[in-house]
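Peer 1: My structure file target29.cif, mmCIF, C-alpha atoms, is below:
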```
data_start
#
loop_
_atom_site.label_atom_id
_atom_site.label_comp_id
_atom_site.auth_asym_id
_atom_site.auth_seq_id
_atom_site.Cartn_x
_atom_site.Cartn_y
_atom_site.Cartn_z
CA MET C 17 -10.84 30.83 61.97
CA SER C 18 -7.79 28.99 63.06
CA GLU C 19 -4.95 28.08 60.77
CA ARG C 20 -5.70 24.43 61.39
CA LYS C 21 -9.32 24.71 60.15
CA LYS C 22 -8.19 26.66 57.06
CA SER C 23 -5.62 23.96 56.35
CA GLN C 24 -8.24 21.22 56.72
CA LYS C 25 -10.67 23.07 54.40
CA GLY C 26 -7.89 23.50 51.84
CA PHE C 27 -7.03 19.83 52.08
CA VAL C 28 -10.71 18.86 51.63
CA ALA C 29 -11.01 21.20 48.63
CA VAL C 30 -7.88 19.81 46.96
CA THR C 31 -9.04 16.25 47.68
CA LEU C 32 -12.50 16.92 46.16
CA ILE C 33 -10.94 18.50 43.07
CA THR C 34 -8.62 15.48 42.70
CA VAL C 35 -11.50 13.00 43.10
CA LEU C 36 -13.56 14.95 40.56
CA ALA C 37 -10.64 14.94 38.09
CA ILE C 38 -10.18 11.18 38.49
CA ALA C 39 -13.93 10.62 38.00
CA LEU C 40 -13.87 12.66 34.79
CA VAL C 41 -10.88 10.67 33.49
CA LEU C 42 -12.66 7.38 34.28
CA LEU C 43 -15.79 8.66 32.55
CA ALA C 44 -13.73 9.56 29.46
CA TYR C 45 -12.17 6.08 29.43
CA ALA C 46 -15.58 4.50 29.83
CA THR C 47 -16.77 6.45 26.80
CA LEU C 48 -13.74 5.37 24.76
CA LEU C 49 -14.28 1.75 25.68
CA SER C 50 -17.79 1.84 24.27
CA THR C 51 -16.90 3.32 20.86
CA PHE C 52 -17.24 1.07 17.82
CA THR C 53 -15.93 1.75 14.32
CA GLY C 54 -17.62 0.42 11.20
CA GLY C 55 -15.93 -1.02 8.15
CA GLU C 56 -14.54 1.06 5.32
CA VAL C 57 -16.93 2.76 2.93
CA VAL C 58 -15.42 3.41 -0.50
CA VAL C 59 -17.03 6.12 -2.62
CA GLY C 60 -15.99 6.91 -6.16
CA THR C 61 -12.83 4.84 -6.40
CA VAL C 62 -11.58 2.15 -8.72
CA ALA C 63 -11.43 -1.49 -7.58
CA GLY C 64 -10.54 -4.70 -9.39
CA ASP C 65 -8.55 -7.93 -9.51
CA VAL C 66 -5.61 -8.97 -11.72
CA TYR C 67 -5.92 -12.26 -13.62
CA TYR C 68 -3.54 -14.26 -15.83
CA SER C 69 -3.90 -16.53 -18.86
CA THR C 70 -1.70 -18.34 -21.36
CA SER C 71 -4.39 -18.33 -24.06
CA ASN C 72 -5.12 -14.57 -24.25
CA THR C 73 -8.68 -15.03 -25.42
CA THR C 74 -11.81 -13.43 -24.01
CA THR C 75 -13.45 -16.85 -23.69
CA GLY C 76 -10.34 -18.54 -22.24
CA GLN C 77 -9.71 -19.24 -18.61
CA TRP C 78 -8.28 -16.34 -16.57
CA ASN C 79 -6.95 -17.12 -13.09
CA ALA C 80 -5.61 -15.20 -10.09
CA THR C 81 -2.49 -17.40 -10.18
CA LEU C 82 -0.70 -19.12 -13.02
CA LYS C 83 2.04 -21.71 -13.47
CA VAL C 84 3.99 -22.00 -16.70
CA ALA C 85 6.65 -24.57 -17.59
CA ASN C 86 9.47 -22.20 -18.56
CA THR C 87 10.39 -18.72 -19.77
CA SER C 88 9.38 -19.45 -23.36
CA VAL C 89 5.66 -19.83 -22.52
CA SER C 90 3.53 -16.80 -23.31
CA TRP C 91 1.35 -15.38 -20.55
CA TYR C 92 -0.88 -12.35 -20.30
CA SER C 93 -2.69 -10.24 -17.70
CA ARG C 94 -5.90 -8.28 -17.34
CA ILE C 95 -7.92 -6.55 -14.66
CA ASN C 96 -11.56 -7.26 -14.01
CA PHE C 97 -12.88 -4.06 -12.46
CA THR C 98 -15.26 -4.74 -9.58
CA SER C 99 -16.42 -1.18 -9.03
CA SER C 100 -18.84 0.91 -10.99
CA TYR C 101 -16.34 3.73 -11.46
CA THR C 102 -16.88 5.81 -14.58
CA GLY C 103 -14.07 7.93 -15.95
CA LYS C 104 -10.66 8.06 -17.56
CA ILE C 105 -7.81 6.19 -15.84
CA ASN C 106 -4.16 5.39 -16.42
CA ILE C 107 -2.90 1.94 -15.46
CA THR C 108 0.79 1.25 -15.02
CA TRP C 109 1.35 -2.49 -15.22
CA GLN C 110 4.64 -3.42 -13.54
CA LEU C 111 6.19 -6.88 -13.60
CA GLU C 112 7.69 -7.93 -10.26
CA LYS C 113 9.95 -10.87 -9.38
CA LYS C 114 10.16 -12.46 -5.96
CA GLY C 115 13.52 -12.68 -4.24
CA THR C 116 13.66 -12.02 -0.53
CA ASP C 117 10.90 -9.49 -1.25
CA TRP C 118 9.00 -8.52 -4.39
CA ALA C 119 11.02 -6.18 -6.63
CA ASN C 120 10.31 -4.46 -9.93
CA VAL C 121 11.76 -6.13 -13.00
CA THR C 122 13.56 -3.54 -15.09
CA GLY C 123 13.71 -3.25 -18.85
CA ALA C 124 11.52 -2.07 -21.68
CA ASN C 125 9.22 -5.13 -21.57
CA ALA C 126 8.61 -5.06 -17.80
CA LYS C 127 6.16 -2.15 -17.79
CA VAL C 128 3.06 -1.27 -19.80
CA ILE C 129 0.92 1.87 -19.56
CA THR C 130 -2.78 1.76 -20.43
CA THR C 131 -5.05 4.76 -20.84
CA ILE C 132 -8.74 3.94 -20.94
CA VAL C 133 -12.18 5.24 -19.99
CA LEU C 134 -14.07 2.93 -17.64
CA ASN C 135 -17.77 2.79 -18.40
CA GLY C 136 -19.03 1.82 -14.94
CA THR C 137 -19.81 -1.77 -15.92
CA MET C 138 -19.05 -4.30 -13.21
CA ASN C 139 -16.39 -6.85 -14.28
CA GLN C 140 -15.20 -4.70 -17.18
CA ALA C 141 -12.03 -6.43 -18.42
CA VAL C 142 -9.03 -4.25 -19.30
CA TYR C 143 -5.91 -5.86 -20.78
CA ALA C 144 -2.24 -4.89 -20.35
CA SER C 145 -1.97 -2.95 -23.60
CA SER C 146 -1.74 0.74 -24.45
CA ASN C 147 -5.47 0.90 -25.23
CA GLY C 148 -6.72 -1.85 -22.86
CA LEU C 149 -7.79 -4.17 -25.68
CA ILE C 150 -6.95 -7.87 -25.87
CA THR C 151 -5.66 -7.69 -29.45
CA THR C 152 -2.49 -5.92 -28.28
CA ASN C 153 -2.28 -7.51 -24.80
CA HIS C 154 1.33 -7.60 -23.55
CA ASP C 155 3.11 -10.97 -23.48
CA TRP C 156 5.04 -10.98 -20.19
CA LYS C 157 7.37 -13.77 -21.36
CA THR C 158 9.35 -11.10 -23.22
CA ALA C 159 10.37 -9.60 -19.86
CA ILE C 160 11.04 -12.83 -17.96
CA GLN C 161 13.22 -14.36 -20.67
CA THR C 162 15.97 -11.95 -19.61
CA THR C 163 15.56 -12.61 -15.88
CA GLY C 164 15.04 -16.39 -15.82
CA ASN C 165 12.89 -18.82 -13.88
CA GLY C 166 11.26 -17.70 -10.64
CA GLN C 167 8.08 -16.30 -9.17
CA TYR C 168 6.52 -13.30 -10.89
CA ARG C 169 3.44 -11.14 -10.57
CA VAL C 170 2.02 -8.09 -12.27
CA LYS C 171 1.10 -5.11 -10.12
CA ALA C 172 -1.34 -2.61 -11.56
CA TYR C 173 -1.09 0.99 -10.35
CA ILE C 174 -4.30 2.89 -11.13
CA GLN C 175 -4.52 6.66 -11.39
CA THR C 176 -7.67 8.57 -12.14
CA THR C 177 -7.27 11.43 -14.60
CA SER C 178 -9.42 14.39 -15.43
#
```
Translate this structure into structure tokens?
Peer 2:
Amino acid sequence: MSERKKSQKGFVAVTLITVLAIALVLLAYATLLSTFTGGEVVVGTVAGDVYYSTSNTTTGQWNATLKVANTSVSWYSRINFTSSYTGKINITWQLEKKGTDWANVTGANAKVITTIVLNGTMNQAVYASSNGLITTNHDWKTAIQTTGNGQYRVKAYIQTTS
């Protein structure tokens, strides 16, 4: 066999390998283009929404947002749990004030820690107190009186415990 024919066969072999590699890459891309991902499935976690009120009663109106006239008006927070989680949790309630970004308010009255056992009931209300009960619900005005007028929110950090 002449050197020329060997060279042509080598060229054809390299070309076929290259075409096959390109075809495999295109097939992989075609597979990736047809992949769909479903929404998140949450199993065994805690979920809820924070609400505010100036009346601090179980029958009063609790809202996702609240406006008060000044720093001497009492206001309270609670979480309505929207999951059926059962178990002991710790909640750290942290008051935040808006500047350029949201920042933690410091001081003894700007944070509350609650330890409670959730019973799995949907919309179980837990208040910002050491035991989660409304009778000792924290009045956030005590923290904002030292920081003045502005925009505030309460962030609830939830940790499950054993």
Peer 1: Using all atoms listed in the file, find the one residue out of C:Thr61, C:Gln140, C:Ser71, C:Asn106 that sits nearest to Val84 (chain C).
Peer 2: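 Using all atoms listed in the file, Val84 (chain C) sits closest to C:Ser71.
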Peer 1: Decode the PyMOL selection byres ((chain C and resi 147-157) around 9) for the given file into explicit residues and return them as a VMD selection string.
Peer 2: chain C and resid 72 to 74 87 to 94 111 125 to 126 128 to 132 141 to 146 158 to 162 170
Peer 1: Kindly give the distance, in Å, that separates CA of Thr176 (chain C) and CA of Lys104 (chain C), rounded to a single decimal.
Peer 2: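 Separation of CA of Thr176 (chain C) and CA of Lys104 (chain C): 6.2 Å.
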Peer 1: Select, from C:Ala172, C:Gln167, C:Val41, C:Val30, the residue with the minimum atom-to-atom distance to Gly115 (chain C), counting only C-alpha atoms.
Peer 2: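 Among C:Ala172, C:Gln167, C:Val41, C:Val30, it is C:Gln167 that comes nearest to Gly115 (chain C).
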Peer 1: To one decimal place in Å, what is the distance between CA of Thr137 (chain C) and CA of Glu112 (chain C)?
Peer 2: 28.7 Å
Peer 1: What gap, in Å, lies between CA of Thr98 (chain C) and CA of Tyr68 (chain C)?
Peer 2: 16.3 Å
Peer 1: For the structure provided, state which residues fall under the PyMOL selection byres ((chain C and resi 165) around 7), and present them as a PyMOL selection string.
Peer 2: chain C and resi 86-87+164+166
Peer 1: Could you save those same residues with C-alpha atoms as a compact mmCIF listing (two decimals), in the frame of the given file?
Peer 2:
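Result went into again14.txt, see below:
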```txt
# COMPACT_ATOMS: atom_id res chain seq x y z
CA ASN C 86 9.47 -22.20 -18.56
CA THR C 87 10.39 -18.72 -19.77
CA GLY C 164 15.04 -16.39 -15.82
CA GLY C 166 11.26 -17.70 -10.64
```
Peer 1: Can you list what the PyMOL selection byres ((chain C and resi 79) around 7) grabs from this structure, as a VMD selection string?
Peer 2: chain C and resid 67 to 69 77 to 78 80 to 82
Peer 1: Give the centre and edge lengths of an axis-aligned box, in Å to one decimal, that holds all listed atoms of region 90-98 of chain C with 3 Å on each side, as AutoDock Vina command-line options.
Peer 2:
```
--center_x -5.9 --center_y -10.4 --center_z -16.4 --size_x 24.8 --size_y 18.7 --size_z 19.7
```
Peer 1: Between C:Thr34, C:Thr116, C:Thr102, C:Ser23, which has the minimum distance to Thr177 (chain C) (counting all atoms listed in the file)?
Peer 2: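 With all atoms listed in the file as the atom set, the closest residue is C:Thr102.
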